[in-house]
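Here the structure is laid out as structure tokens; the discussion comes afterwards.
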Amino acid sequence: MAAFAAQFAVRHSEGAPDLNVSHWIGPTPAPVAGVASIIDGDTIEIHGQRIRLNGIDAPESAQLCKDAAGKDYRCGQKASLSLADFLKVHRPTSCIAVDRVQFRRMVAVCTAGGVDIGEWMVRKGYAVDWPKYSAGFYAAAENEAKRAKRGVWAGSFERPWEWRRAQ
């Protein structure tokens with residue numbers, strides 16, 4: 001629920017100061033901001049802090065997908081490179097923590113150039129909504145990508161969490 005509240009606040013707080021997350025759940029850590037390095041399609045690093053994008057899952061680096069012609073391609077690599085290109089143009093990146101996971105890695109809602117990075121990745125078809133963690137927050141963006149046959153939706157693929165389970 002905290003993740004959903006943070007996502008809502010990130011999107012809607014500019015014009016409404018009362019939507020600050022701290023009004024609901026207490027003080028939150030200061031946002032982490034700076035130039036992001038790409039770890040993979042859903043993980044970045046800013047100032048040495050690894051940050052997992054909340055609510056999305058991108059194909060793994062070694063994961064293969066099929067394009068519209070049925071040819072294999074490295075969809076995880078494509079997701080990472082696309083995220084890197086996006087973040088080069090939209091600087092700086094700012095992240096609001098919503099959780100900590102294994103190895104104290106931050107899980108966050110991140111924006112760059114005023115754009116929710118997770119939503120951008122899903123809308124472009126480089127990642128999918130992960131309902132287990134997003135409560136369906138990115139489902140509309142995923143449906144748009146699916147209808148437009150963008151990214152992984154142009155061909156066939158295995159959901160990243162299913163691919164990892166099979167490995």
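Order determines the names: the first chain of the structure tokens is A, the second B, and so forth; residues in each chain are numbered 1 upward, and ligands are numbered 1 upward as they are shown.
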**Request:** For Leu83 of chain A, work out the shell of residues within 10 Å, counting only C-alpha atoms and skipping chain neighbours fewer than 5 positions away, then give it as a ChimeraX atom specification.
**Result:** /A:37-44,77-78,88,117-118,120-121,126
**Request:** Output as a ChimeraX atom specification all residues of segment 9-156 of chain A that backbone DSSP marks as helix (DSSP H, G or I).
**Result:** /A:9-12,17-19,22-25,75-89,102-104,117-123,131-134,139-148,151-154
Output file for the residues above (N, CA and C atoms, as a short mmCIF file (atom, residue, chain, number, x, y, z; two decimals), in the first residue's frame):
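So the final result, stored in result15.cif, reads:
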```
data_model
loop_
_atom_site.label_atom_id
_atom_site.label_comp_id
_atom_site.auth_asym_id
_atom_site.auth_seq_id
_atom_site.Cartn_x
_atom_site.Cartn_y
_atom_site.Cartn_z
N ALA A 9 1.41 9.88 -4.98
CA ALA A 9 1.95 11.17 -4.54
C ALA A 9 2.94 11.74 -5.55
N VAL A 10 3.78 10.89 -6.12
CA VAL A 10 4.75 11.36 -7.11
C VAL A 10 4.03 11.98 -8.28
N ARG A 11 2.95 11.38 -8.71
CA ARG A 11 2.22 11.87 -9.87
C ARG A 11 1.39 13.11 -9.59
N HIS A 12 0.86 13.22 -8.37
CA HIS A 12 -0.14 14.24 -8.12
C HIS A 12 0.23 15.30 -7.09
N PRO A 17 0.13 20.22 -2.22
CA PRO A 17 1.10 19.91 -1.17
C PRO A 17 0.57 18.97 -0.10
N ASP A 18 -0.75 18.92 0.11
CA ASP A 18 -1.31 18.03 1.13
C ASP A 18 -1.20 16.57 0.74
N LEU A 19 -0.82 16.27 -0.51
CA LEU A 19 -0.68 14.89 -0.93
C LEU A 19 0.70 14.34 -0.61
N SER A 22 4.40 11.88 3.56
CA SER A 22 4.69 11.95 4.99
C SER A 22 3.46 12.31 5.81
N HIS A 23 2.47 12.94 5.19
CA HIS A 23 1.23 13.26 5.93
C HIS A 23 0.47 11.99 6.28
N TRP A 24 0.69 10.91 5.53
CA TRP A 24 -0.05 9.66 5.78
C TRP A 24 0.76 8.64 6.56
N ILE A 25 2.05 8.53 6.27
CA ILE A 25 2.81 7.42 6.84
C ILE A 25 4.01 7.89 7.66
N CYS A 75 15.92 -9.56 -25.30
CA CYS A 75 14.98 -8.53 -24.87
C CYS A 75 15.41 -7.86 -23.57
N GLY A 76 16.12 -8.58 -22.70
CA GLY A 76 16.62 -7.95 -21.48
C GLY A 76 17.67 -6.91 -21.79
N GLN A 77 18.54 -7.22 -22.73
CA GLN A 77 19.55 -6.26 -23.15
C GLN A 77 18.89 -5.05 -23.81
N LYS A 78 17.88 -5.30 -24.63
CA LYS A 78 17.15 -4.21 -25.29
C LYS A 78 16.51 -3.29 -24.25
N ALA A 79 15.93 -3.88 -23.20
CA ALA A 79 15.30 -3.08 -22.14
C ALA A 79 16.34 -2.20 -21.44
N SER A 80 17.49 -2.77 -21.12
CA SER A 80 18.55 -2.02 -20.44
C SER A 80 19.06 -0.87 -21.30
N LEU A 81 19.32 -1.15 -22.57
CA LEU A 81 19.83 -0.12 -23.46
C LEU A 81 18.81 1.00 -23.68
N SER A 82 17.55 0.64 -23.77
CA SER A 82 16.49 1.64 -23.94
C SER A 82 16.37 2.52 -22.71
N LEU A 83 16.46 1.91 -21.53
CA LEU A 83 16.42 2.69 -20.30
C LEU A 83 17.62 3.63 -20.23
N ALA A 84 18.80 3.14 -20.60
CA ALA A 84 20.00 3.99 -20.60
C ALA A 84 19.83 5.18 -21.53
N ASP A 85 19.30 4.94 -22.72
CA ASP A 85 19.08 6.03 -23.68
C ASP A 85 18.09 7.06 -23.13
N PHE A 86 17.02 6.59 -22.52
CA PHE A 86 16.01 7.48 -21.95
C PHE A 86 16.62 8.35 -20.85
N LEU A 87 17.39 7.73 -19.95
CA LEU A 87 17.93 8.47 -18.82
C LEU A 87 19.06 9.42 -19.22
N LYS A 88 19.72 9.17 -20.34
CA LYS A 88 20.74 10.12 -20.84
C LYS A 88 20.09 11.44 -21.22
N VAL A 89 18.89 11.36 -21.77
CA VAL A 89 18.18 12.55 -22.23
C VAL A 89 17.43 13.24 -21.10
N GLN A 102 16.02 -7.52 -0.23
CA GLN A 102 17.24 -8.30 -0.03
C GLN A 102 18.49 -7.42 -0.19
N PHE A 103 19.44 -7.59 0.71
CA PHE A 103 20.70 -6.85 0.72
C PHE A 103 20.46 -5.34 0.90
N ARG A 104 19.34 -4.96 1.52
CA ARG A 104 19.00 -3.57 1.81
C ARG A 104 18.86 -2.71 0.56
N ILE A 117 9.56 6.63 -14.51
CA ILE A 117 10.39 5.72 -15.31
C ILE A 117 9.74 4.35 -15.46
N GLY A 118 9.15 3.83 -14.40
CA GLY A 118 8.49 2.53 -14.48
C GLY A 118 7.36 2.55 -15.50
N GLU A 119 6.57 3.59 -15.47
CA GLU A 119 5.47 3.69 -16.43
C GLU A 119 6.00 3.79 -17.86
N TRP A 120 7.07 4.57 -18.05
CA TRP A 120 7.65 4.71 -19.38
C TRP A 120 8.14 3.36 -19.90
N MET A 121 8.82 2.60 -19.04
CA MET A 121 9.34 1.28 -19.45
C MET A 121 8.19 0.35 -19.85
N VAL A 122 7.12 0.34 -19.08
CA VAL A 122 5.97 -0.53 -19.37
C VAL A 122 5.25 -0.05 -20.63
N ARG A 123 5.02 1.24 -20.75
CA ARG A 123 4.30 1.80 -21.90
C ARG A 123 5.05 1.55 -23.22
N PRO A 131 1.90 -7.16 -11.01
CA PRO A 131 0.77 -6.94 -10.10
C PRO A 131 1.03 -7.35 -8.65
N LYS A 132 1.93 -8.30 -8.46
CA LYS A 132 2.27 -8.73 -7.10
C LYS A 132 2.79 -7.54 -6.27
N TYR A 133 3.44 -6.59 -6.93
CA TYR A 133 4.03 -5.45 -6.24
C TYR A 133 3.42 -4.11 -6.63
N SER A 134 2.69 -4.05 -7.73
CA SER A 134 2.17 -2.77 -8.21
C SER A 134 0.70 -2.54 -7.90
N ALA A 139 -0.99 -1.35 -15.09
CA ALA A 139 -1.78 -2.20 -15.99
C ALA A 139 -2.26 -1.45 -17.23
N ALA A 140 -2.68 -0.21 -17.09
CA ALA A 140 -3.15 0.55 -18.25
C ALA A 140 -2.00 0.79 -19.24
N ALA A 141 -0.82 1.09 -18.72
CA ALA A 141 0.35 1.29 -19.59
C ALA A 141 0.69 -0.01 -20.31
N GLU A 142 0.58 -1.13 -19.59
CA GLU A 142 0.85 -2.43 -20.21
C GLU A 142 -0.17 -2.73 -21.30
N ASN A 143 -1.43 -2.47 -21.03
CA ASN A 143 -2.47 -2.71 -22.04
C ASN A 143 -2.25 -1.86 -23.28
N GLU A 144 -1.81 -0.62 -23.09
CA GLU A 144 -1.52 0.25 -24.22
C GLU A 144 -0.37 -0.33 -25.06
N ALA A 145 0.70 -0.78 -24.39
CA ALA A 145 1.85 -1.37 -25.10
C ALA A 145 1.43 -2.64 -25.83
N LYS A 146 0.59 -3.44 -25.18
CA LYS A 146 0.13 -4.69 -25.79
C LYS A 146 -0.70 -4.40 -27.04
N ARG A 147 -1.64 -3.46 -26.96
CA ARG A 147 -2.47 -3.10 -28.12
C ARG A 147 -1.63 -2.57 -29.28
N ALA A 148 -0.62 -1.77 -28.95
CA ALA A 148 0.24 -1.16 -29.97
C ALA A 148 1.36 -2.10 -30.43
N GLY A 151 7.63 -3.17 -28.12
CA GLY A 151 8.61 -3.93 -27.34
C GLY A 151 8.33 -5.41 -27.36
N VAL A 152 8.31 -6.02 -26.17
CA VAL A 152 8.11 -7.47 -26.07
C VAL A 152 6.76 -7.91 -26.63
N TRP A 153 5.81 -6.99 -26.69
CA TRP A 153 4.46 -7.33 -27.17
C TRP A 153 4.40 -7.46 -28.69
N ALA A 154 5.48 -7.10 -29.39
CA ALA A 154 5.52 -7.25 -30.86
C ALA A 154 5.62 -8.72 -31.26
#
```
**Asked** Between atom CA of Gln63 of chain A and atom CA of Ala108 of chain A, what is the spacing in Å?
**Response**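 Atom-to-atom, atom CA of Ala108 of chain A and atom CA of Gln63 of chain A are spaced 23.8 Å apart.
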**Item:** Residues of segment 75-145 of chain A in strand (DSSP E), written as number ranges by chain
**Value:** A: 93-101, 105-112, 115-116, 128-129
**Request:** Record the distance separating atom CA of Arg150 of chain A and atom CA of Arg52 of chain A, expressed in Å with one decimal.
**Result:**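 Computing it gives 22.8 Å between the two atoms.
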**Contact residues around Thr93 of chain A with only C-alpha atoms at 8 Å, ignoring same-chain residues under 4 positions, as a list in words** =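 So, after excluding close chain neighbours, the residues are Ala33, Gly34, Val35, Ala36, Leu87, Cys110, Thr111, Ala112 and Gly113 of chain A.
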**Complete:** atom CA of Ala97 of chain A to atom CA of Val109 of chain A measures 6.6 Å
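Distance annotation: of A:Ala58, A:Glu45, A:Ala68, A:Cys95, the residue with the minimal separation from Arg164 of chain A is A:Ala58; atom set is only C-alpha atoms.
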**Message:** Under the rule that only C-alpha atoms are counted, which of A:Ala69, A:Val107, A:Ile96, A:Val101 is the nearest residue to Asn54 of chain A?
**Reply:**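 The closest residue to Asn54 of chain A is A:Val107.
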